[in-house]
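Dumped start.txt below, it's compact mmCIF, C-alpha atoms:
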```txt
# COMPACT_ATOMS: atom_id res chain seq x y z
CA MET Z 1 6.61 -50.16 124.26
CA ARG Z 2 6.16 -51.20 127.85
CA TYR Z 3 8.18 -49.90 130.75
CA GLY Z 4 8.85 -51.90 133.92
CA VAL Z 5 10.42 -51.18 137.32
CA GLU Z 6 13.37 -53.37 138.20
CA GLY Z 7 13.96 -53.98 141.95
CA ARG Z 8 17.52 -53.42 143.11
CA VAL Z 9 19.49 -53.80 146.39
CA VAL Z 10 20.28 -50.31 147.70
CA GLY Z 11 23.34 -49.67 149.85
CA GLY Z 12 23.81 -53.36 150.44
CA HIS Z 13 20.65 -53.63 152.59
CA THR Z 14 17.91 -56.09 151.73
CA GLY Z 15 15.87 -55.79 154.95
CA ARG Z 16 13.10 -53.34 155.84
CA VAL Z 17 14.09 -49.66 156.21
CA THR Z 18 13.28 -48.59 159.75
CA ASP Z 19 14.48 -44.94 159.69
CA PRO Z 20 11.50 -42.78 158.45
CA ALA Z 21 13.70 -39.87 157.33
CA ARG Z 22 16.04 -42.17 155.42
CA PHE Z 23 13.00 -43.96 153.89
CA ARG Z 24 11.47 -40.67 152.66
CA TRP Z 25 14.83 -39.59 151.21
CA TRP Z 26 15.27 -42.93 149.42
CA MET Z 27 11.72 -42.84 148.00
CA ALA Z 28 12.17 -39.27 146.70
CA GLY Z 29 15.36 -40.26 144.93
CA ALA Z 30 13.74 -43.36 143.40
CA VAL Z 31 10.75 -41.38 142.13
CA ALA Z 32 13.00 -38.70 140.59
CA ALA Z 33 15.11 -41.33 138.84
CA GLY Z 34 11.98 -43.04 137.53
CA VAL Z 35 10.56 -39.79 136.15
CA LEU Z 36 13.87 -38.99 134.43
CA ALA Z 37 14.07 -42.44 132.84
CA LEU Z 38 10.49 -42.21 131.63
CA ALA Z 39 11.09 -38.76 130.12
CA VAL Z 40 14.18 -40.02 128.27
CA GLY Z 41 12.25 -43.05 127.00
CA ILE Z 42 9.37 -40.91 125.72
CA GLY Z 43 11.80 -38.53 124.04
CA LEU Z 44 13.46 -41.39 122.19
CA LEU Z 45 10.08 -42.81 121.19
CA LEU Z 46 8.88 -39.50 119.78
CA ARG Z 47 12.01 -39.23 117.64
CA GLN Z 48 11.34 -42.59 115.99
CA PRO Z 49 9.67 -42.39 112.53
CA ALA Z 50 6.12 -43.70 112.35
CA ALA Z 51 5.99 -47.34 111.35
CA GLN Z 52 4.91 -47.87 107.75
CA PRO Z 53 3.56 -51.08 106.21
CA ALA Z 54 6.46 -52.82 104.48
CA THR Z 55 4.49 -54.28 101.57
CA ALA Z 56 1.38 -52.13 101.21
CA PRO Z 57 1.28 -50.44 97.79
CA SER Z 58 0.94 -46.67 97.91
CA GLY Z 59 -1.97 -45.01 96.14
CA VAL Z 60 -2.18 -41.88 94.04
CA PRO Z 61 -5.04 -39.38 94.11
CA ALA Z 62 -7.85 -40.02 91.64
CA THR Z 63 -7.27 -36.53 90.20
CA ALA Z 64 -4.07 -37.85 88.61
CA THR Z 65 -6.23 -39.43 85.89
CA THR Z 66 -7.28 -36.05 84.53
CA ARG Z 67 -3.81 -34.84 83.59
CA GLN Z 68 -3.01 -35.11 79.89
CA LEU Z 69 0.55 -35.28 78.60
CA PRO Z 70 1.78 -33.41 75.52
CA PRO Z 71 1.58 -35.52 72.35
CA GLU Z 72 5.34 -36.08 72.24
CA GLN Z 73 5.25 -37.59 75.75
CA GLN Z 74 2.38 -39.99 75.14
CA PRO Z 75 1.59 -42.66 76.22
CA GLY Z 76 3.40 -41.76 79.45
CA PRO Z 77 5.19 -43.98 82.00
CA ALA Z 78 4.67 -47.73 81.67
CA THR Z 79 4.59 -48.32 85.44
CA VAL Z 80 1.22 -49.56 86.71
CA ARG Z 81 -0.06 -47.27 89.47
CA LEU Z 82 -2.86 -47.74 91.98
CA ALA Z 83 -5.46 -45.13 92.89
CA GLU Z 84 -6.04 -44.69 96.61
CA ASP Z 85 -9.20 -46.80 96.55
CA ALA Z 86 -7.47 -49.72 94.79
CA ALA Z 87 -4.31 -49.50 96.92
CA GLY Z 88 -6.29 -50.33 100.04
CA HIS Z 89 -7.43 -53.71 98.71
CA PRO Z 90 -5.62 -56.73 100.26
CA ASP Z 91 -4.86 -58.17 96.79
CA ALA Z 92 -3.60 -54.88 95.35
CA GLY Z 93 0.05 -55.95 95.25
CA VAL Z 94 -0.40 -59.24 93.37
CA VAL Z 95 -2.90 -57.73 90.92
CA ARG Z 96 -0.54 -54.84 90.20
CA ALA Z 97 2.29 -57.31 89.51
CA LEU Z 98 0.04 -59.25 87.10
CA LEU Z 99 -0.93 -56.09 85.22
CA GLN Z 100 2.68 -54.90 85.11
CA GLY Z 101 3.74 -58.15 83.48
CA HIS Z 102 0.85 -57.92 81.03
CA PHE Z 103 1.60 -54.39 79.86
CA ASP Z 104 5.36 -54.98 79.83
CA ALA Z 105 4.81 -57.94 77.49
CA ILE Z 106 2.80 -55.75 75.10
CA ASN Z 107 5.33 -52.92 75.17
CA LEU Z 108 8.27 -55.27 74.65
CA GLY Z 109 6.54 -57.33 71.97
CA ASP Z 110 6.95 -60.46 74.10
CA TYR Z 111 4.17 -62.80 73.01
CA ARG Z 112 5.21 -65.72 75.22
CA ARG Z 113 5.23 -63.58 78.31
CA TRP Z 114 1.83 -62.18 77.39
CA THR Z 115 0.38 -65.71 77.27
CA THR Z 116 1.38 -66.20 80.91
CA THR Z 117 -0.74 -63.21 81.99
CA VAL Z 118 -4.06 -64.15 80.35
CA VAL Z 119 -6.45 -67.07 80.81
CA LEU Z 120 -5.49 -70.23 78.96
CA GLU Z 121 -8.51 -70.08 76.65
CA ARG Z 122 -7.50 -66.64 75.42
CA ALA Z 123 -3.85 -67.58 75.04
CA GLU Z 124 -4.68 -70.67 72.98
CA ALA Z 125 -7.15 -68.75 70.81
CA THR Z 126 -4.60 -66.02 69.97
CA THR Z 127 -1.74 -67.13 67.78
CA GLU Z 128 1.51 -65.20 67.82
CA GLU Z 129 0.82 -63.95 64.29
CA THR Z 130 -2.61 -62.64 65.29
CA TRP Z 131 -1.19 -61.11 68.46
CA ARG Z 132 1.48 -59.22 66.55
CA GLU Z 133 -1.13 -57.92 64.14
CA GLN Z 134 -3.10 -56.59 67.13
CA TYR Z 135 -0.24 -55.20 69.21
CA GLY Z 136 2.67 -54.84 66.78
CA THR Z 137 2.63 -51.03 66.79
CA THR Z 138 1.14 -50.51 70.26
CA THR Z 139 2.80 -48.93 73.27
CA ASP Z 140 0.82 -48.52 76.50
CA GLY Z 141 1.41 -46.13 79.39
CA SER Z 142 -0.20 -43.93 82.05
CA ILE Z 143 -1.74 -47.10 83.52
CA LEU Z 144 -3.87 -46.46 86.59
CA VAL Z 145 -5.96 -49.02 88.50
CA HIS Z 146 -9.06 -47.28 89.87
CA ARG Z 147 -10.84 -50.11 91.69
CA LEU Z 148 -10.69 -53.79 92.56
CA ALA Z 149 -14.18 -55.22 92.97
CA PRO Z 150 -15.31 -58.78 93.77
CA ARG Z 151 -16.95 -60.77 90.98
CA PRO Z 152 -20.16 -62.76 91.67
CA ALA Z 153 -18.57 -65.85 90.10
CA GLY Z 154 -15.35 -65.44 92.10
CA GLY Z 155 -12.18 -63.50 91.53
CA LEU Z 156 -11.97 -59.78 90.99
CA THR Z 157 -12.87 -57.16 88.42
CA VAL Z 158 -10.13 -54.63 87.75
CA LEU Z 159 -11.25 -51.18 86.64
CA LEU Z 160 -8.41 -49.26 85.04
CA SER Z 161 -7.46 -46.60 82.55
CA PHE Z 162 -4.43 -46.32 80.30
CA THR Z 163 -3.17 -44.58 77.18
CA SER Z 164 -2.16 -46.40 74.00
CA VAL Z 165 -0.15 -45.10 71.07
CA GLN Z 166 -0.33 -47.07 67.83
CA ASP Z 167 -0.52 -46.84 64.08
CA PRO Z 168 -4.02 -45.45 63.40
CA ALA Z 169 -4.59 -48.41 61.07
CA ASP Z 170 -4.27 -50.72 64.10
CA ALA Z 171 -6.71 -48.72 66.24
CA PRO Z 172 -10.41 -49.66 66.54
CA GLU Z 173 -12.42 -48.78 63.45
CA ASP Z 174 -14.56 -46.23 65.28
CA THR Z 175 -11.53 -44.48 66.83
CA PRO Z 176 -8.76 -44.58 64.18
CA TYR Z 177 -6.31 -42.33 66.03
CA ARG Z 178 -2.64 -42.50 66.98
CA CYS Z 179 -3.29 -41.84 70.66
CA LEU Z 180 -6.23 -43.26 72.59
CA ARG Z 181 -7.28 -43.00 76.22
CA TRP Z 182 -8.87 -46.24 77.44
CA ARG Z 183 -11.17 -47.05 80.35
CA VAL Z 184 -11.65 -50.81 80.63
CA SER Z 185 -12.44 -53.60 83.07
CA TYR Z 186 -10.75 -56.99 83.21
CA PRO Z 187 -11.74 -60.05 85.23
CA VAL Z 188 -8.93 -61.53 87.30
CA VAL Z 189 -9.28 -65.26 87.99
CA THR Z 190 -7.10 -68.08 89.29
CA GLU Z 191 -5.95 -70.82 86.91
CA SER Z 192 -3.51 -73.51 88.04
CA ASP Z 193 -2.79 -71.49 91.17
CA GLN Z 194 -1.84 -68.45 89.06
CA LEU Z 195 -3.68 -65.16 88.64
CA ARG Z 196 -4.70 -64.52 85.05
CA LEU Z 197 -6.54 -61.78 83.15
CA GLY Z 198 -9.73 -62.64 81.32
CA PRO Z 199 -10.89 -60.76 78.21
CA GLY Z 200 -12.03 -57.19 78.68
CA ASP Z 201 -15.75 -56.54 78.87
CA PRO Z 202 -16.82 -54.83 75.60
CA GLU Z 203 -19.78 -53.22 77.38
CA SER Z 204 -17.52 -51.40 79.81
CA SER Z 205 -14.58 -50.65 77.50
CA ARG Z 206 -14.33 -47.10 76.22
CA ALA Z 207 -11.69 -45.49 74.01
CA SER Z 208 -11.47 -41.79 73.28
CA ARG Z 209 -8.98 -39.69 71.39
CA CYS Z 210 -6.28 -38.12 73.51
CA SER Z 211 -6.90 -34.42 73.97
```
Now, as a test, write the supplied structure out as structure tokens.
Amino acid sequence: MRYGVEGRVVGGHTGRVTDPARFRWWMAGAVAAGVLALAVGIGLLLRQPAAQPATAPSGVPATATTRQLPPEQQPGPATVRLAEDAAGHPDAGVVRALLQGHFDAINLGDYRRWTTTVVLERAEATTEETWREQYGTTTDGSILVHRLAPRPAGGLTVLLSFTSVQDPADAPEDTPYRCLRWRVSYPVVTESDQLRLGPGDPESSRASRCS
């Protein structure tokens, strides 16, 4: 905020003040009024709340990933959250929206919506029948994005963790449990001017039994 001094006509006189005593009295009054106005302005400014970014996603501490919920509360909230490191990325908001749509589709059993969140090749290769066999008993939650990193070929790599609850028969063969804690990475690319998720990298995907 910038403050300015506005010139005014005093006592109806616009010419030069020739009386030294009257000039000193007028100057003292003007300075006092200016100081008072400035003090009031600063007081009002200090009472204003600090400006906050209107669209910047807020991050959560990384330590939030270590908390385990009781079995009856698994898999936890379905809202996609951003760790502090990920929240600072300029594309954090749009990537979070993409992931939210992806996990909502799984949790709601909405195959058509799911196809709009993944790359076309993956959508065409996964029939609705196959998709329901894979996700029919799955509910995901406690979804936390840890990092957004650039990919050499373009786009981003999303590093995230989440919890899934499913029929043990639908879990991976090496971890046949009802509740699994996942750490995975997904590529995010642009197709037809839309962000889409590529298949997860098997080398970086890890599932462990919920403790």
message: I'd like the neighbourhood of Z:Thr190 as a list in words, where a residue qualifies if any of its atoms comes within 12 Å (using all atoms listed in the file), though same-chain residues fewer than 2 positions away should be ignored.
response: Val94, Val95, Leu98, Thr117, Val118, Val119, Leu120, Ala153, Gly154, Gly155, Leu156, Pro187, Val188, Ser192, Asp193, Gln194, Leu195, Arg196, Leu197 and Gly198 of chain Z
Output the selection as an mmCIF file, in the coordinates of the input - C-alpha atoms for each residue.
```
data_model
loop_
_atom_site.group_PDB
_atom_site.id
_atom_site.type_symbol
_atom_site.label_atom_id
_atom_site.label_comp_id
_atom_site.auth_asym_id
_atom_site.auth_seq_id
_atom_site.Cartn_x
_atom_site.Cartn_y
_atom_site.Cartn_z
ATOM 1 C CA VAL Z 94 -0.400 -59.240 93.370
ATOM 2 C CA VAL Z 95 -2.900 -57.730 90.920
ATOM 3 C CA LEU Z 98 0.040 -59.250 87.100
ATOM 4 C CA THR Z 117 -0.740 -63.210 81.990
ATOM 5 C CA VAL Z 118 -4.060 -64.150 80.350
ATOM 6 C CA VAL Z 119 -6.450 -67.070 80.810
ATOM 7 C CA LEU Z 120 -5.490 -70.230 78.960
ATOM 8 C CA ALA Z 153 -18.570 -65.850 90.100
ATOM 9 C CA GLY Z 154 -15.350 -65.440 92.100
ATOM 10 C CA GLY Z 155 -12.180 -63.500 91.530
ATOM 11 C CA LEU Z 156 -11.970 -59.780 90.990
ATOM 12 C CA PRO Z 187 -11.740 -60.050 85.230
ATOM 13 C CA VAL Z 188 -8.930 -61.530 87.300
ATOM 14 C CA SER Z 192 -3.510 -73.510 88.040
ATOM 15 C CA ASP Z 193 -2.790 -71.490 91.170
ATOM 16 C CA GLN Z 194 -1.840 -68.450 89.060
ATOM 17 C CA LEU Z 195 -3.680 -65.160 88.640
ATOM 18 C CA ARG Z 196 -4.700 -64.520 85.050
ATOM 19 C CA LEU Z 197 -6.540 -61.780 83.150
ATOM 20 C CA GLY Z 198 -9.730 -62.640 81.320
#
```
Next item on the list: Give me the residues within 8 Å of Z:Asp201 as a count of residues only, counting only C-alpha atoms and dropping any in the same chain fewer than 5 places off.
Entry: 3
Exercise. To one decimal place, how far is atom CA of Z:Ala83 from atom CA of Z:Trp114 in Å?
Worked result: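 Between these atoms lies a distance of 24.2 Å.
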TODO: Kindly give the distance, in Å, that separates atom CA of Z:Thr126 and atom CA of Z:Arg112, rounded to a single decimal.
DONE: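 Distance between the two atoms: 11.1 Å.
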With distances taken over only C-alpha atoms, the candidate from Z:Thr115, Z:Thr175, Z:Thr137, Z:Ser142 nearest Z:Phe162 is Z:Ser142
TODO: Identify, on the basis of all atoms listed in the file, every residue whose closest approach to Z:Asp85 does not exceed 7 Å; exclude the query and any residue fewer than 2 positions from it along the same chain; express the result as an MDAnalysis selection string.
DONE: chainID Z and resid 83 87:88 146:147
Go ahead and dump the residues you just picked, C-alpha atoms, as a short mmCIF file (atom, residue, chain, number, x, y, z; two decimals), in the frame of the given file.
```cif
data_model
loop_
_atom_site.label_atom_id
_atom_site.label_comp_id
_atom_site.auth_asym_id
_atom_site.auth_seq_id
_atom_site.Cartn_x
_atom_site.Cartn_y
_atom_site.Cartn_z
CA ALA Z 83 -5.46 -45.13 92.89
CA ALA Z 87 -4.31 -49.50 96.92
CA GLY Z 88 -6.29 -50.33 100.04
CA HIS Z 146 -9.06 -47.28 89.87
CA ARG Z 147 -10.84 -50.11 91.69
#
```
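Residue nearest Z:Ala123 within the list Z:Gly136, Z:Val189, Z:Pro75, Z:Tyr111: Z:Tyr111 [criterion: smallest interatomic distance, all atoms listed in the file].
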**Asked** How many Å separate atom CA of Z:Tyr177 from atom CA of Z:Cys210?
**Response**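 Atom CA of Z:Tyr177 sits 8.6 Å away from atom CA of Z:Cys210.
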_Which of Z:Ala97, Z:Ala78, Z:Arg132, Z:Glu124 sits closest to Z:Asp110 [using only C-alpha atoms]_ =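 Looking only at the distances to Z:Asp110, the closest residue turns out to be Z:Arg132.
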Problem - Who sits within 12 Å of Z:Gly109, only C-alpha atoms, same chain under 5 positions skipped, as a VMD selection string - result: chain Z and resid 101 to 104 114 to 115 128 to 129 131 to 140
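If you measure from each of Z:Gly200, Z:Leu144, Z:Ser161, Z:Ser208 to Z:Arg178 using all atoms listed in the file, the closest one turns out to be Z:Ser208.
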**Prompt:** If we count all atoms listed in the file, what is near Z:Pro77 at a cut-off of 10 Å, once residues fewer than 4 positions away on the same chain are taken out, given as a list in words?
**Reply:**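 In the requested form, the answer reads Gln73, Arg81, Asp140, Gly141, Ser142, Ile143 and Thr163 of chain Z.
For the choices Z:Thr157, Z:Ser164, Z:Thr79, Z:Gln68, the atom-to-atom distance to Z:Gln100 is smallest for Z:Thr79 when using only C-alpha atoms.
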Using all atoms listed in the file, can you tell me which of Z:Pro168, Z:Pro70, Z:Pro150, Z:Pro202 comes closest to Z:Leu180?
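Selected residue with least distance to Z:Leu180: Z:Pro168.
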